[in-house]
Structures are given as structure tokens and as C-alpha cells.
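Trainee: Questions regarding the structure given below will be posed in turn.
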Amino acid sequence: MGRTLWKDFMRGAWNESSPFRLMIAFCPALAVTTAVINGAAMGAAVIFVLLGTNIIVSLMRKIVPSEVRIPVYTIVIATFVTVADLVLAATMPSVHKVLGLFVPLIVVNCIILGRAEAWASHVPVARAAADGLGYGVGYTINLLMLGVIRELLGSGTLLGHAVMPAGFVPWRIMLQPPGAFLTIGVIVAVFNLTGRLQKERAERRAQRLRLPGRAVTAAAVAAASEGSGYHG
């Protein structure tokens with residue numbers, strides 16, 4: 001069971017993390033990552049909503065009629081989003097002001113509704129929780145990567161502390177929409193290149209392991225690819 005939960009977690013945390021792998025939920029990722037703290041706060045809110053939604057949806061998966069499941073899931077998501085929004089407003093008002101409408105808009109985040117519909121509504125609570133935590137952590141990691149690069153180059157700081165040399169001239173474009181698109185484009189390119197290299201390495205490993213005179217089977221290549229951590 002523990003291994004299954006770990007696979008459920010890692011699927012969302014790395015193998016299918018968004019936006020860099022699934023190429024979805026770009027809007028908040030681009031809008032709020034001008035500073036690391038903003039990305040961390042948005043990521044924490046997403047983790048809270050995803051985890052809570054998946055658990056509740058899994059608990060009531062057998063009692064909610066299929067005809068009304070989407071409205072019910074939306075209400076559950078909206079409840080957790082409201083709690084997250086109020087907590088952020090009370091504990092981190094300056095960050096909450098920067099995030100603006102993007103916290104309430106978590107209600108329509110395709111990741112959250114998609115995991116509730118495609119996964120949590122079909123599996124036990126433990127697996128639903130592992131999946132929600134994994135996708136939330138994966139999304140947060142992506143936001144932090146964007147936030148670190150954009151804050152470092154755009155302001156010369158990390159978490160508000162100056163870290164660049166005294167003569168460094170901030171790249172103000174990194175704090176604007178073009179900088180956000182440029183950063184995410186470079187990161188996605190690195191992810192794709194890394195994935196391609198891992199796939200090629202897995203194929204070479206499978207070829208070395210094959211028996212003399214026998215072709216490499218698709219299953220062998222797939223097993224080698226899984227071992228390398230690469231997923232299409």
C-alpha cells in the first residue's frame with residue numbers, strides 16, 4: 001500500500017506536475033510569481049484546496065448522484081478556497097493583496113476539478129489524499145522555480161533579501177508578462193530536453209540488457225523508461 005501511495009504522490013509531484021509537464025494552469029503561474037513569497041503562498045493555497053477537496057470527494061464518492069457530481073465538487077472546492085482566501089487575508093495581508101483575484105479563481109482551476117472528477121471520485125481516501133498532495137506539491141515546486149528566477153533577475157533579491165552583486169542592474173522585464181513567458185518557455189524547454197535524454201538513455205539501457213539475437217520488446221523499453229523517471 002505504501003508503494004502505491006508513493007507512486008500516486010510522485011505522479012503529481014513530478015511525472016505529471018503542472019504547468020511544466022501538463023501545460024495547464026499557466027495563468028496564476030505567470031501572474032503571481034514576481035516574487036518567491038507570492039508563489040509559495042499560492043502554492044500553499046493550492047495544496048490545501050487540492051488535499052481537502054480530494055479527501056471530501058473520496059469520502060462521499062458513493063453517495064453523490066452522478067447527475068449532480070460536478071456542482072457538488074464545485075461547492076466543495078469553493079468552500080476550501082474561501083477558507084484559504086480568508087486565512088491568507090488574516091495572516092499575510094500584503095501577499096493576499098498581491099495575489100488578488102487569483103486565490104478565488106482557484107475554484108475554476110482545471111487541476112483541482114480534474115483530479116476530483118478523474119481520480120478522487122474513484123479511489124479510497126488514502127490514495128485520493130496522496131494524489132492531491134502530490135499535484136499540489138508539484139504545482140508549488142513549479143511556482144517556486146518561476147518565482148526564484150524572476151525575483152532574482154528582476155529585483156536582485158530572494159525572499160526580499162539582496163543577493164546579487166552591488167553593480168547588478170535588475171532585468172525589469174522579468175517582472176512583466178514578457179519575462180514570465182520567457183522564463184516559463186526556457187524551463188519547459190529544459191524539461192523537454194531532459195526528458196528526451198532520459199528516454200534515449202533508457203532505450204540504450206534496454207538494448208544493453210537484451211538477450212543476443214532477440215529484439216528489445218516494448219515492455220522492456222517501457223520498464224527502463226519508468227526506471228529513469230521519464231513519462232512522455
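Just remember, in the C-alpha cells the first chain shown is A, the second B, etc., residues are 1-based per chain, and ligands are 1-based in the order shown.
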Skip Ile187 (chain A) itself and residues of its chain fewer than 6 positions away, then list as number ranges by chain all residues within 10 Å of it, counting only C-alpha atoms.
Mentor: A: 20, 142, 145-146, 181, 193
Trainee: Store the residues picked out above, limited to C-alpha atoms, as a compact mmCIF listing (two decimals), in the first residue's frame.
Mentor:
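Result went into result15.txt, see below:
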# COMPACT_ATOMS: atom_id res chain seq x y z
CA PHE A 20 5.65 22.45 -16.95
CA ASN A 142 6.82 24.91 -10.37
CA MET A 145 11.07 27.77 -9.70
CA LEU A 146 9.43 30.62 -11.59
CA PHE A 181 6.55 33.90 -20.75
CA LEU A 193 15.33 18.20 -23.31
Trainee: Residues of region 24-83 of chain A that approach region 153-174 of chain A to 9 Å or less, counting only C-alpha atoms: could you list each one with the shortest pair of atoms and its distance in Å to one decimal, rows by chain and increasing residue number, as a tab-separated table?
Mentor:
residue	atom	partner	partner_atom	distance
A:Thr34	CA	A:Met174	CA	7.8
A:Ala35	CA	A:Leu159	CA	7.1
A:Val36	CA	A:Leu159	CA	6.0
A:Ile37	CA	A:Leu159	CA	6.2
Trainee: From a DSSP pass on the backbone, collect the residues of region 126-169 of chain A flagged as strand (DSSP E) and hand them back as a PyMOL selection string.
Mentor: chain A and resi 157-158+161-162
Trainee: Based on the selection just made, write C-alpha atoms of those residues as a PDB file, in the first residue's frame.
Mentor:
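To be explicit, this is the file written out as out-v7.pdb:
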ATOM      1  CA  THR A 157      16.671  39.626  -4.339  1.00  0.00           C
ATOM      2  CA  LEU A 158      15.418  36.345  -2.875  1.00  0.00           C
ATOM      3  CA  HIS A 161      16.929  39.998   0.670  1.00  0.00           C
ATOM      4  CA  ALA A 162      19.528  41.387  -1.738  1.00  0.00           C
TER       5      ALA A 162
END
Trainee: If we count only C-alpha atoms, what is near Ala129 (chain A) at a cut-off of 9 Å, once residues fewer than 3 positions away on the same chain are taken out, given as a PyMOL selection string?
Mentor: chain A and resi 5+9+50-55+58+120+124-126+132-134
Trainee: Output N, CA and C atoms for every residue in the selection just made, as a short mmCIF file (atom, residue, chain, number, x, y, z; two decimals), in the first residue's frame.
Mentor:
data_model
loop_
_atom_site.label_atom_id
_atom_site.label_comp_id
_atom_site.auth_asym_id
_atom_site.auth_seq_id
_atom_site.Cartn_x
_atom_site.Cartn_y
_atom_site.Cartn_z
N LEU A 5 0.85 4.41 -2.65
CA LEU A 5 0.66 5.81 -2.26
C LEU A 5 1.81 6.67 -2.74
N PHE A 9 1.63 9.83 -5.24
CA PHE A 9 2.19 11.13 -4.89
C PHE A 9 3.16 11.62 -5.95
N LEU A 50 -6.51 21.34 -2.90
CA LEU A 50 -6.44 20.03 -3.56
C LEU A 50 -6.57 18.89 -2.57
N LEU A 51 -5.84 18.98 -1.48
CA LEU A 51 -5.86 17.91 -0.48
C LEU A 51 -7.24 17.79 0.15
N GLY A 52 -7.80 18.92 0.57
CA GLY A 52 -9.12 18.89 1.20
C GLY A 52 -10.21 18.43 0.26
N THR A 53 -10.18 18.91 -0.99
CA THR A 53 -11.18 18.53 -1.97
C THR A 53 -11.12 17.04 -2.28
N ASN A 54 -9.92 16.53 -2.51
CA ASN A 54 -9.78 15.11 -2.84
C ASN A 54 -10.29 14.23 -1.70
N ILE A 55 -9.98 14.60 -0.48
CA ILE A 55 -10.43 13.80 0.67
C ILE A 55 -11.95 13.79 0.76
N SER A 58 -13.59 11.89 -2.16
CA SER A 58 -13.43 10.46 -1.99
C SER A 58 -14.38 9.91 -0.93
N ALA A 120 -10.19 11.31 -7.49
CA ALA A 120 -10.69 11.20 -6.11
C ALA A 120 -12.06 10.54 -6.03
N PRO A 124 -10.07 5.14 -2.86
CA PRO A 124 -10.19 5.34 -1.41
C PRO A 124 -9.53 6.65 -0.96
N VAL A 125 -9.80 7.01 0.28
CA VAL A 125 -9.35 8.31 0.80
C VAL A 125 -7.83 8.43 0.78
N ALA A 126 -7.12 7.39 1.19
CA ALA A 126 -5.66 7.47 1.27
C ALA A 126 -5.04 7.79 -0.08
N GLY A 132 -3.80 14.26 -4.28
CA GLY A 132 -3.98 15.69 -4.10
C GLY A 132 -2.72 16.36 -3.57
N LEU A 133 -2.07 15.72 -2.60
CA LEU A 133 -0.84 16.28 -2.05
C LEU A 133 0.25 16.32 -3.11
N GLY A 134 0.34 15.26 -3.92
CA GLY A 134 1.36 15.23 -4.95
C GLY A 134 1.19 16.32 -5.99
#
Trainee: Got a sec: who's within 10 Å of Ala41 (chain A), counting only C-alpha atoms, leaving out chain neighbours fewer than 4 positions off, as a PDB file with C-alpha atoms, in the first residue's frame?
Mentor:
ATOM      1  CA  VAL A  32       1.839  35.739  -9.205  1.00  0.00           C
ATOM      2  CA  VAL A  36       9.151  33.760  -4.304  1.00  0.00           C
ATOM      3  CA  ILE A  37       6.836  34.507  -1.378  1.00  0.00           C
ATOM      4  CA  ALA A  45      -3.357  27.562  -1.022  1.00  0.00           C
ATOM      5  CA  VAL A  46      -3.477  25.100  -3.924  1.00  0.00           C
ATOM      6  CA  ILE A  47      -2.106  22.271  -1.738  1.00  0.00           C
ATOM      7  CA  ALA A  84      -7.721  29.586   2.144  1.00  0.00           C
ATOM      8  CA  LEU A  88      -4.297  34.425   3.714  1.00  0.00           C
ATOM      9  CA  MET A  92      -0.462  37.650   5.172  1.00  0.00           C
ATOM     10  CA  VAL A  95       0.739  38.913  -0.016  1.00  0.00           C
ATOM     11  CA  HIS A  96      -3.036  38.473  -0.214  1.00  0.00           C
ATOM     12  CA  LEU A  99      -2.389  37.687  -5.257  1.00  0.00           C
ATOM     13  CA  VAL A 103      -6.844  32.922  -4.985  1.00  0.00           C
ATOM     14  CA  THR A 140       4.112  24.619  -5.770  1.00  0.00           C
ATOM     15  CA  LEU A 143       5.697  28.226  -8.893  1.00  0.00           C
ATOM     16  CA  LEU A 144       8.807  28.423  -6.721  1.00  0.00           C
TER      17      LEU A 144
END
Trainee: Could you tell me how far CA of Arg69 (chain A) lies from CA of Trp6 (chain A), in Å and to one decimal?
Mentor: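 A separation of 27.7 Å between them.
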